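Student: Below is one structure. I have some questions about it.
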Amino acid sequence: MTSSELDESRLRRLIEAGADVVSNLDTDSLLGQIVETAAEITGARYAALGILNANRDGLDRFITFGIDDETRMRIGDPPSGLGVLGVLIKHPEPIRMHRVSEHPESFGFPPNHPPMESFLGAPIIIGDDVYGNLYLTDKRGGDFDQSDQDAVELLAGWAAIAINNARMVRKERLRAVIEASEKERHRWALELHDETLQGLGALRLLLSAAQRSEDPTRMRAAIEDVLDQLSLEITGLRGLITELRPAALDSLGLEAALESLGRRAAGTGDFDLELDIEFGRHSRLAEASELEITAYRLVQEAISNASKHARASLVVLRVKRDDTAIDIEVIDNGVGFDPQTIQAAGFGLTGMRERVAIVNGRLDIESQAGEGTRIHAHLPLAD
Ligand SMILES: Nc1ncnc2c1ncn2[C@@H]1O[C@H](COP(=O)(O)OP(=O)(O)OP(=O)(O)O)[C@@H](O)[C@H]1O
Ligand SMILES: [Mg+2]
């Protein structure tokens with residue numbers, strides 16, 4: 001088929017590829033499909049898609065079609081963006097050629113590269129931003145024509161959308177993480193100000209009163225007050241430090257850290273706490289770090305919300321760990337709230353969602369006025 005119009009079956013393939021872009025395919029498999037579709041629609045033997053790195057001086061990713069793994073290994077490094085491919089980036093216009101080696105910028109092929117003749121390339125571009133290029137070589141039975149070029153430009157446009165979407169999602173997530181940690185710092189600053197600084201101020205007052213006192217009995221009494229106040233401060237600071245970086249998490253592991261977190265919360269709140277933590281034989285996570293901290297922070301925030309907002313008489317903390325995941329439930333029988341409308345209110349719920357998203361988990365918040373609240377997080381263990 002050498003018609004310069006796109007026939008029905010080629011149009012159908014294009015429409016399918018477009019549908020993939022708006023569905024939820026992950027970027028890598030989507031780009032793989034775009035490359036494959038480009039080759040099929042045009043009848044090219046080989047196709048490739050290169051994505052530029054952030055500095056635009058090399059490729060971040062290189063996806064090929066038609067070259068088997070062995071050949072790919074023998075060729076070695078992916079193209080560096082010199083030669084004809086570099087032209088596509090510097091002057092982002094489609095290029096169509098009878099023989100690629102005829103192009104004035106052609107560098108020739110590296111050793112072990114299969115010989116390639118006809119060439120069709122299109123930049124992957126949105127506005128002035130060049131993300132990379134999509135190119136095809138060796139059309140079966142002739143040269144690439146205008147209809148091939150139209151199809152490839154369209155596919156390159158979709159690839160640009162997919163890459164742009166993925167970058168925006170990453171940026172948004174990063175932005176949310178930075179914002180969350182700023183807010184957390186702010187919270188600790190407030191806490192230190194309200195608790196520790198106030199406490200130290202009170203200590204100074206007590207001490208200067210003791211200093212002025214002539215009467216040894218009153219001086220001794222004042223010093224006793226100072227010592228009491230100091231003990232309180234030490235306990236308070238120790239609590240703060242534990243919350244900032246729970247030592248129990250490092251030394252005893254998640255199970256014990258969660259238990260002690262629960263008990264501390266129940267000790268200071270007006271509710272009963274039911275603990276149901278079951279790690280079975282998995283008591284210590286090998287991959288301590290991120291997942292354990294996520295689980296810990298989540299429980300910490302959920303319990304703190306329950307004690308700050310719920311006015312509950314009972315809070316249940318249930319944690320189960322098996323071979324594949326950690327499941328966490330924090331349930332209270334308090335006043336409840338509407339999770340839809342209140343989302344933006346504080347930073348706690350947002351932070352929870354972000355943390356869970358980062359470890360590819362799932363978070364459900366079920367709550368209704370007067371019906372209490374149930375937070376359920378499913379955190380898959382990394383493979
Ligand atoms: N268990 C709960 N029971 C009742 N209301 C809740 C509960 N958890 C959250 N809420 C409501 O949702 C709002 C948002 O919670 P979130 O944790 O995001 O913020 P916050 O606790 O107010 O502030 P922060 O967590 O930043 O200290 C709360 O202000 C409260 O109105
Ligand atoms: Mg909160």
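The chains in the structure tokens are called A, B, ... from first to last as shown; in each chain the residues are counted from 1, and the ligands are counted from 1 in the order shown.
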Quick one: residues within 12 Å of Asp68 of chain A, only C-alpha atoms, excluding same-chain residues fewer than 3 positions away - as a list of chain:residue names?

Tutor: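 Listed by chain and then number, they are A:Arg45, A:Tyr46, A:Ala47, A:Ile63, A:Thr64, A:Phe65, A:Thr71, A:Arg72, A:Met73, A:Arg74, A:Ile75, A:His113, A:Pro114.
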
Student: Atoms to include: N, CA, C and O atoms. Write the selected residues as a JSON list (two decimals), in the first residue's frame.

Tutor:
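Written out: selection-v9.json:
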```
[["chain", "number", "residue", "atom", "x", "y", "z"],
["A", 45, "ARG", "N", 11.02, -1.00, 8.98],
["A", 45, "ARG", "CA", 11.63, -2.16, 9.62],
["A", 45, "ARG", "C", 12.08, -1.80, 11.05],
["A", 45, "ARG", "O", 11.95, -2.59, 11.96],
["A", 46, "TYR", "N", 12.61, -0.61, 11.19],
["A", 46, "TYR", "CA", 13.12, -0.20, 12.50],
["A", 46, "TYR", "C", 12.46, 1.10, 12.95],
["A", 46, "TYR", "O", 12.16, 1.97, 12.12],
["A", 47, "ALA", "N", 12.29, 1.21, 14.26],
["A", 47, "ALA", "CA", 11.75, 2.46, 14.80],
["A", 47, "ALA", "C", 12.41, 2.70, 16.15],
["A", 47, "ALA", "O", 12.81, 1.77, 16.84],
["A", 63, "ILE", "N", 14.07, 3.90, 23.26],
["A", 63, "ILE", "CA", 13.17, 2.75, 23.09],
["A", 63, "ILE", "C", 13.20, 2.37, 21.62],
["A", 63, "ILE", "O", 13.02, 3.23, 20.75],
["A", 64, "THR", "N", 13.45, 1.10, 21.35],
["A", 64, "THR", "CA", 13.56, 0.71, 19.94],
["A", 64, "THR", "C", 12.54, -0.35, 19.56],
["A", 64, "THR", "O", 11.97, -1.02, 20.43],
["A", 65, "PHE", "N", 12.34, -0.47, 18.28],
["A", 65, "PHE", "CA", 11.49, -1.53, 17.74],
["A", 65, "PHE", "C", 12.20, -2.12, 16.53],
["A", 65, "PHE", "O", 12.74, -1.37, 15.71],
["A", 71, "THR", "N", 21.40, -7.74, 18.97],
["A", 71, "THR", "CA", 21.93, -6.67, 18.10],
["A", 71, "THR", "C", 22.14, -5.40, 18.92],
["A", 71, "THR", "O", 23.14, -4.71, 18.78],
["A", 72, "ARG", "N", 21.17, -5.14, 19.77],
["A", 72, "ARG", "CA", 21.25, -3.92, 20.58],
["A", 72, "ARG", "C", 22.49, -3.94, 21.46],
["A", 72, "ARG", "O", 23.19, -2.95, 21.61],
["A", 73, "MET", "N", 22.76, -5.13, 22.02],
["A", 73, "MET", "CA", 23.95, -5.29, 22.85],
["A", 73, "MET", "C", 25.21, -5.04, 22.03],
["A", 73, "MET", "O", 26.15, -4.38, 22.48],
["A", 74, "ARG", "N", 25.23, -5.61, 20.82],
["A", 74, "ARG", "CA", 26.43, -5.51, 20.01],
["A", 74, "ARG", "C", 26.69, -4.08, 19.55],
["A", 74, "ARG", "O", 27.82, -3.65, 19.42],
["A", 75, "ILE", "N", 25.59, -3.33, 19.34],
["A", 75, "ILE", "CA", 25.78, -1.93, 18.92],
["A", 75, "ILE", "C", 26.38, -1.10, 20.06],
["A", 75, "ILE", "O", 27.18, -0.21, 19.85],
["A", 113, "HIS", "N", 26.08, -1.95, 13.66],
["A", 113, "HIS", "CA", 24.75, -1.39, 13.48],
["A", 113, "HIS", "C", 24.20, -1.93, 12.18],
["A", 113, "HIS", "O", 24.91, -1.93, 11.17],
["A", 114, "PRO", "N", 22.93, -2.41, 12.16],
["A", 114, "PRO", "CA", 22.40, -2.89, 10.89],
["A", 114, "PRO", "C", 22.36, -1.73, 9.89],
["A", 114, "PRO", "O", 22.13, -0.59, 10.29]]
```

Student: Running DSSP on the backbone, which parts of segment 78-282 of chain A land in helix (DSSP H, G or I), as a PyMOL selection string?

Tutor: chain A and resi 83-90+100-102+146-212+216-244+247-251+254-268

Student: Rank nothing, just name the residue among A:Arg99, A:Ala122, A:Thr137, A:Val226 nearest to Ile67 of chain A, using only C-alpha atoms.

Tutor: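 Using only C-alpha atoms, the shortest distance to Ile67 of chain A belongs to A:Thr137.
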
Student: Just want the residues within 9 Å of ligand 1, written as a PyMOL selection string, counting only C-alpha atoms and all ligand atoms.

Tutor: chain A and resi 183-184+187+301-312+330-339+342-352+367-369+372-375

Student: Take the residues from that selection and write them out as an mmCIF file, in the first residue's frame, keeping C-alpha atoms.

Tutor:
```cif
data_model
loop_
_atom_site.group_PDB
_atom_site.id
_atom_site.type_symbol
_atom_site.label_atom_id
_atom_site.label_comp_id
_atom_site.auth_asym_id
_atom_site.auth_seq_id
_atom_site.Cartn_x
_atom_site.Cartn_y
_atom_site.Cartn_z
ATOM 1 C CA LYS A 183 4.757 22.747 57.084
ATOM 2 C CA GLU A 184 6.111 20.050 59.305
ATOM 3 C CA ARG A 187 4.792 22.831 63.247
ATOM 4 C CA GLU A 301 -1.176 11.502 62.323
ATOM 5 C CA ALA A 302 -4.331 9.397 62.402
ATOM 6 C CA ILE A 303 -4.159 8.975 66.167
ATOM 7 C CA SER A 304 -3.292 12.609 66.672
ATOM 8 C CA ASN A 305 -6.308 13.604 64.538
ATOM 9 C CA ALA A 306 -8.512 11.253 66.508
ATOM 10 C CA SER A 307 -7.392 12.786 69.776
ATOM 11 C CA LYS A 308 -7.488 16.414 68.524
ATOM 12 C CA HIS A 309 -10.725 16.404 66.540
ATOM 13 C CA ALA A 310 -12.824 13.303 67.143
ATOM 14 C CA ARG A 311 -13.835 13.545 70.817
ATOM 15 C CA ALA A 312 -13.930 9.763 70.669
ATOM 16 C CA VAL A 330 -7.173 3.581 62.667
ATOM 17 C CA ILE A 331 -10.818 3.707 63.696
ATOM 18 C CA ASP A 332 -12.476 6.086 66.132
ATOM 19 C CA ASN A 333 -16.064 6.379 67.343
ATOM 20 C CA GLY A 334 -15.996 10.173 67.454
ATOM 21 C CA VAL A 335 -17.779 13.035 65.723
ATOM 22 C CA GLY A 336 -16.586 12.261 62.196
ATOM 23 C CA PHE A 337 -16.204 14.719 59.340
ATOM 24 C CA ASP A 338 -16.749 14.985 55.603
ATOM 25 C CA PRO A 339 -13.503 13.910 53.929
ATOM 26 C CA ILE A 342 -12.373 19.152 54.423
ATOM 27 C CA GLN A 343 -9.445 17.828 52.402
ATOM 28 C CA ALA A 344 -7.595 21.103 52.181
ATOM 29 C CA ALA A 345 -8.084 22.137 55.789
ATOM 30 C CA GLY A 346 -4.947 20.856 57.490
ATOM 31 C CA PHE A 347 -1.789 19.356 56.267
ATOM 32 C CA GLY A 348 -2.128 16.040 58.108
ATOM 33 C CA LEU A 349 -4.500 14.307 55.695
ATOM 34 C CA THR A 350 -2.634 15.701 52.686
ATOM 35 C CA GLY A 351 0.648 14.477 54.102
ATOM 36 C CA MET A 352 -0.852 11.038 54.679
ATOM 37 C CA SER A 367 -16.010 9.312 57.771
ATOM 38 C CA GLN A 368 -19.374 10.952 58.268
ATOM 39 C CA ALA A 369 -20.656 13.446 60.766
ATOM 40 C CA GLY A 372 -16.767 8.196 63.539
ATOM 41 C CA THR A 373 -13.767 7.827 61.246
ATOM 42 C CA ARG A 374 -11.927 4.926 59.675
ATOM 43 C CA ILE A 375 -8.564 5.380 58.041
#
```

Student: From the set A:Leu317, A:Trp158, A:Val299, A:Ala209, which residue has the shortest atom-to-atom contact distance to ligand 2, counting only C-alpha atoms and all ligand atoms?

Tutor: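 Among A:Leu317, A:Trp158, A:Val299, A:Ala209, it is A:Val299 that comes nearest to ligand 2.
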
Student: Out of segment 85-318 of chain A, which residues get strand (DSSP E) from DSSP, as a ChimeraX atom specification?

Tutor: /A:95-97,119-126,129-139,272-278,314-318

Student: What is the distance, in Å and to one decimal place, between atom CA of Gly361 of chain A and atom CA of Ala377 of chain A?

Tutor: 7.1 Å

Student: Under the rule that only C-alpha atoms are counted, which of A:Thr341, A:Gln300, A:Asn165, A:Asn55 is the nearest residue to Val21 of chain A?

Tutor: A:Asn165

Student: Mind checking which residues fall within 9 Å of Glu93 of chain A, counting only C-alpha atoms, ignoring those fewer than 4 positions away in the same chain, and posting them as a short mmCIF file (atom, residue, chain, number, x, y, z; two decimals) with N, CA and C atoms, in the first residue's frame?

Tutor:
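Result written to part.cif:
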```
data_model
loop_
_atom_site.label_atom_id
_atom_site.label_comp_id
_atom_site.auth_asym_id
_atom_site.auth_seq_id
_atom_site.Cartn_x
_atom_site.Cartn_y
_atom_site.Cartn_z
N VAL A 87 20.25 16.91 14.56
CA VAL A 87 19.58 17.92 13.73
C VAL A 87 18.11 18.02 14.12
N LEU A 88 17.51 16.86 14.37
CA LEU A 88 16.10 16.83 14.77
C LEU A 88 15.86 17.62 16.06
N ILE A 89 16.87 17.66 16.90
CA ILE A 89 16.72 18.35 18.18
C ILE A 89 17.01 19.83 18.04
N GLY A 121 11.97 11.06 10.39
CA GLY A 121 12.09 11.43 11.80
C GLY A 121 11.19 12.61 12.12
N ALA A 122 10.68 12.63 13.33
CA ALA A 122 9.88 13.78 13.77
C ALA A 122 10.28 14.12 15.19
N PRO A 123 10.40 15.43 15.49
CA PRO A 123 10.73 15.81 16.85
C PRO A 123 9.54 15.57 17.77
#
```

Student: From the list A:Leu59, A:Pro78, A:Phe271, A:Gln340, which residue is nearest Glu366 of chain A when using only C-alpha atoms?

Tutor: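 Of the candidates, the smallest distance to Glu366 of chain A is held by A:Gln340.
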
Student: Compile the contact shell of Ala248 of chain A as an NGL selection string: residues with an atom at most 7 Å away, counting only C-alpha atoms, same-chain residues fewer than 5 positions apart removed.

Tutor: :A and (253 or 256-257)

Student: Write a file of the selected residues as a short mmCIF file (atom, residue, chain, number, x, y, z; two decimals), in the first residue's frame, keeping C-alpha atoms.

Tutor:
```cif
data_model
loop_
_atom_site.label_atom_id
_atom_site.label_comp_id
_atom_site.auth_asym_id
_atom_site.auth_seq_id
_atom_site.Cartn_x
_atom_site.Cartn_y
_atom_site.Cartn_z
CA GLY A 253 11.36 -2.07 64.70
CA ALA A 256 7.25 -2.13 68.97
CA ALA A 257 7.40 1.49 67.86
#
```

Student: Using only C-alpha atoms, which protein or nucleic acid residues come within 8 Å of segment 142-156 of chain A? Drop anything in the same chain fewer than 5 positions from it, and give the result as a list in words.

Tutor: Thr2, Ser3, Ser4, Glu5, Leu6, Leu14, Ala17, Gly18, Ile34, Ala38, Ile41, Thr42, Pro94, Arg96, Met97, His98, Ser118, Phe119, Leu120, Gly121, Ala122, Pro123, Ile124, Ile125, Asn133 and Leu134 of chain A

Student: What does the file look like for those residues with N, CA and C atoms, as a short mmCIF file (atom, residue, chain, number, x, y, z; two decimals), in the first residue's frame?

Tutor:
```cif
data_model
loop_
_atom_site.label_atom_id
_atom_site.label_comp_id
_atom_site.auth_asym_id
_atom_site.auth_seq_id
_atom_site.Cartn_x
_atom_site.Cartn_y
_atom_site.Cartn_z
N THR A 2 0.85 1.97 -1.10
CA THR A 2 1.70 3.15 -1.16
C THR A 2 0.88 4.42 -1.30
N SER A 3 -0.43 4.30 -1.07
CA SER A 3 -1.28 5.49 -1.16
C SER A 3 -0.75 6.59 -0.24
N SER A 4 -0.86 7.83 -0.69
CA SER A 4 -0.36 8.90 0.17
C SER A 4 -1.45 9.36 1.14
N GLU A 5 -2.62 8.75 1.07
CA GLU A 5 -3.66 9.04 2.06
C GLU A 5 -3.59 7.95 3.12
N LEU A 6 -4.03 8.28 4.32
CA LEU A 6 -4.08 7.25 5.35
C LEU A 6 -5.34 6.41 5.11
N LEU A 14 -4.10 4.41 14.43
CA LEU A 14 -3.78 5.71 15.03
C LEU A 14 -4.77 6.05 16.13
N ALA A 17 -4.00 4.09 19.17
CA ALA A 17 -2.82 4.61 19.88
C ALA A 17 -3.19 5.87 20.66
N GLY A 18 -4.06 6.70 20.06
CA GLY A 18 -4.50 7.92 20.75
C GLY A 18 -5.28 7.58 22.00
N ILE A 34 3.76 3.41 21.13
CA ILE A 34 3.83 4.44 20.10
C ILE A 34 4.89 4.08 19.06
N ALA A 38 4.07 3.25 15.18
CA ALA A 38 4.70 4.03 14.10
C ALA A 38 5.31 3.10 13.07
N ILE A 41 2.38 1.20 11.10
CA ILE A 41 1.60 2.04 10.19
C ILE A 41 2.39 2.41 8.94
N THR A 42 3.69 2.64 9.11
CA THR A 42 4.48 3.12 7.97
C THR A 42 5.17 1.97 7.22
N PRO A 94 10.32 17.86 10.96
CA PRO A 94 10.38 16.48 10.44
C PRO A 94 11.40 16.36 9.32
N ARG A 96 12.64 13.72 6.12
CA ARG A 96 12.33 12.52 5.34
C ARG A 96 13.40 12.37 4.29
N MET A 97 14.02 11.18 4.22
CA MET A 97 15.14 11.02 3.29
C MET A 97 15.11 9.67 2.60
N HIS A 98 15.64 9.65 1.41
CA HIS A 98 15.77 8.40 0.66
C HIS A 98 16.90 7.55 1.26
N SER A 118 16.27 4.28 4.05
CA SER A 118 15.30 5.38 4.08
C SER A 118 15.04 5.80 5.53
N PHE A 119 14.71 7.08 5.69
CA PHE A 119 14.63 7.64 7.04
C PHE A 119 13.46 8.61 7.15
N LEU A 120 12.75 8.51 8.28
CA LEU A 120 11.68 9.48 8.57
C LEU A 120 11.76 9.81 10.06
N GLY A 121 11.97 11.06 10.39
CA GLY A 121 12.09 11.43 11.80
C GLY A 121 11.19 12.61 12.12
N ALA A 122 10.68 12.63 13.33
CA ALA A 122 9.88 13.78 13.77
C ALA A 122 10.28 14.12 15.19
N PRO A 123 10.40 15.43 15.49
CA PRO A 123 10.73 15.81 16.85
C PRO A 123 9.54 15.57 17.77
N ILE A 124 9.84 15.25 19.02
CA ILE A 124 8.78 15.15 20.04
C ILE A 124 8.79 16.48 20.77
N ILE A 125 7.74 17.24 20.58
CA ILE A 125 7.83 18.65 20.92
C ILE A 125 6.49 19.17 21.42
N ASN A 133 12.94 12.63 20.07
CA ASN A 133 12.51 12.42 18.69
C ASN A 133 12.03 10.99 18.48
N LEU A 134 11.23 10.87 17.44
CA LEU A 134 10.69 9.57 17.04
C LEU A 134 11.14 9.37 15.60
#
```
